[in-house]
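Q: Attaching a single structure in structure tokens format; questions to follow.
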Amino acid sequence: MKTKNLVQNIYKMTPLQQGMLFHTMYEDRSAYLAQHYFGLAGELEIRYFERSLNEVIERYDILRTIFRKNKTDQYVQIVLRERKLKVYFNDLSRMDKQEQDEIWNAYRRSDRETGFDLTKDLLMRVAVFQTGPSRFEVLWSHHHILMDGWCLSTIISETMQLYQSFVKGAEAVLDPVIPYSQYIKWLDGQDERVAAEYWKSYLSEYDEQVFIVKEDYSGKKGETKKSVFTLSRQDTRSLQELARYHNVTLNVLIQCLWGVLLQKYNGVRDVVFGTVVSGRPPQIKGIESMVGLFINTIPVRISCEPSESFVELLTKVQQASTEANKYDYYPLYEIQALSSIKQGLINNIVVFENYPVTKEIENAAADVSALSIIDANV
């Protein structure tokens, strides 16, 4: 078969995809490799599980996509007509827990170090380890350039629905797929000049660099340090009630709290930090179920006068957030270029996730006979 017959579609990359491609190809092959793992309790038929995964890959163009240069030396997305995934399977059920953990952890490390070649690889891998008579551990890896976390529940839910149909010899009824190319088409239709003017005005006269107070940490490149704390149910309810009472979102309330904290730490009244947005334009029909990469990072500016109350700040930031939603597709590197401090604009990011991806994944197999998803870690 000629090469051109292997290609289904070619279209441009999004700005965020371009950034991920650069870091992966020129800095770290394992960059943006996302690993998700969960347990399966019950009887798992590997052949049907693999078949289900390949059916999902066939349904979604983005899962059959590679990234190469075109004739004008520009990287583009190339959708191939067919890609096949082979599930790696290892039966560890006769080993003790310590041996199982050693093999599992070694495989995860190796999987991350292997990374992906964006120019030719199927950018998704699945490995299954049997750890008991009715217990399986699944490692699901993919490159972030394909999709964001919001897509996981859709992909896994459809995989389990297909699995059930194959086991029962029935036909799964799934919703029609809206291709990622529809989003690319929408992106092409946006007025970048208007977006640039908005962000330039939004950041006008801002020249501060703000930092988080943190202890020194020296580690290897790529290593991270984590601090975790949990709000009580009562505190959470109080914040929700406060946001509801003043007609603002909980996200905006958290942003204001973080902004005031940064102001106190840095002794200023005007701060900017980043926030991650879902980036799914409501103008596109069926956008919530579309699979692809939509998220983006945009700046949030929290500025207030000494006489301004916190409630007034909430209202102002909510209004600004609503306006910013119209232009949240604009590339962060372009937004930074519009500010006086360029790459120094953002050095901390607030990510507010109110979509229970883990719970959705665990519910994905709820209707599948004799099989359930447990201990999902995404």
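Starting from 1 in every chain, residues are counted up; chains themselves are A, B, ... following the order of the structure tokens, and ligands are numbered from 1 as listed.
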Give the strand (DSSP E) residues of segment 121-182 of chain A, as assigned by DSSP on the backbone, as a VMD selection string.

A: chain A and resid 124 to 132 135 to 143

Q: For the selection just defined, write its residues with C-alpha atoms to a file, as a CSV table (one decimal), in the first residue's frame.

A:
chain,number,residue,atom,x,y,z
A,124,MET,CA,-0.8,5.0,23.6
A,125,ARG,CA,0.3,1.8,25.5
A,126,VAL,CA,-1.6,-0.5,27.8
A,127,ALA,CA,-0.1,-3.2,30.1
A,128,VAL,CA,-2.0,-5.6,32.3
A,129,PHE,CA,-0.5,-7.5,35.2
A,130,GLN,CA,-2.5,-10.3,36.8
A,131,THR,CA,-1.8,-10.2,40.6
A,132,GLY,CA,-4.5,-12.7,41.8
A,135,ARG,CA,-7.4,-9.2,40.2
A,136,PHE,CA,-5.6,-7.3,37.5
A,137,GLU,CA,-3.5,-4.1,37.5
A,138,VAL,CA,-3.7,-1.9,34.4
A,139,LEU,CA,-1.1,0.7,33.3
A,140,TRP,CA,-2.5,3.0,30.7
A,141,SER,CA,0.1,5.3,29.1
A,142,HIS,CA,-0.4,8.0,26.5
A,143,HIS,CA,1.3,11.1,25.3

Q: Segment 242-252 of chain A: which residues within 8 Å, counting only C-alpha atoms, same-chain residues fewer than 2 positions away excluded, as a VMD selection string?

A: chain A and resid 238 to 240 254 to 256 311 314 to 315 317 to 318 321 352

Q: Would you mind telling me which residue in A:Ser307, A:Thr119, A:Asn377, A:Ser340 lies nearest to Tyr206 of chain A when using only C-alpha atoms?

A: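 Of all the options, A:Ser340 lies closest to Tyr206 of chain A.
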
Q: Using only C-alpha atoms, which protein or nucleic acid residues come within 12 Å of Glu305 of chain A? Drop anything in the same chain fewer than 6 positions from it, and give the result as JSON, numbers by chain.

A: {"A": [260, 263, 268, 269, 270, 312, 313]}

Q: Next, the residues of the selection above should be written as a CSV table (one decimal), in the first residue's frame with N, CA, C and O atoms.

A:
chain,number,residue,atom,x,y,z
A,260,VAL,N,-4.8,37.0,46.9
A,260,VAL,CA,-4.6,37.8,48.1
A,260,VAL,C,-3.4,37.3,48.9
A,260,VAL,O,-2.6,38.0,49.5
A,263,GLN,N,-0.3,38.4,47.2
A,263,GLN,CA,-0.1,39.8,47.6
A,263,GLN,C,0.5,40.0,48.9
A,263,GLN,O,1.5,40.8,49.1
A,268,VAL,N,2.6,43.4,47.7
A,268,VAL,CA,2.1,44.2,46.6
A,268,VAL,C,0.6,44.1,46.5
A,268,VAL,O,0.0,43.2,47.2
A,269,ARG,N,0.0,44.9,45.7
A,269,ARG,CA,-1.5,44.9,45.6
A,269,ARG,C,-1.9,44.4,44.2
A,269,ARG,O,-3.1,44.3,43.9
A,270,ASP,N,-1.0,44.0,43.4
A,270,ASP,CA,-1.3,43.6,42.0
A,270,ASP,C,-0.5,42.4,41.7
A,270,ASP,O,0.8,42.4,41.6
A,312,GLU,N,-16.1,42.9,46.8
A,312,GLU,CA,-16.0,43.7,45.6
A,312,GLU,C,-14.9,43.0,44.7
A,312,GLU,O,-15.1,43.0,43.5
A,313,LEU,N,-13.9,42.5,45.3
A,313,LEU,CA,-12.9,41.8,44.5
A,313,LEU,C,-13.4,40.6,43.8
A,313,LEU,O,-13.2,40.3,42.6

Q: Using only C-alpha atoms, which residue out of A:Arg233, A:Thr297, A:Arg280, A:Ile212 lies closest to Trp258 of chain A?

A: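 Closest to Trp258 of chain A, using only C-alpha atoms: A:Ile212.
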
Q: What gap, in Å, lies between atom CA of Gln18 of chain A and atom CA of Ile66 of chain A?

A: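 That distance, rounded to one decimal, is 12.6 Å.
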
Q: Identify which of the residues A:Leu63, A:Ala324, A:Leu332, A:Leu16 lies closest to Lys84 of chain A, counting only C-alpha atoms when measuring atom-to-atom distances.

A: A:Leu63

Q: What is the distance, in Å and to one decimal place, between atom CA of Tyr26 of chain A and atom CA of Asn5 of chain A?

A: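 Interatomic distance here is 29.8 Å.
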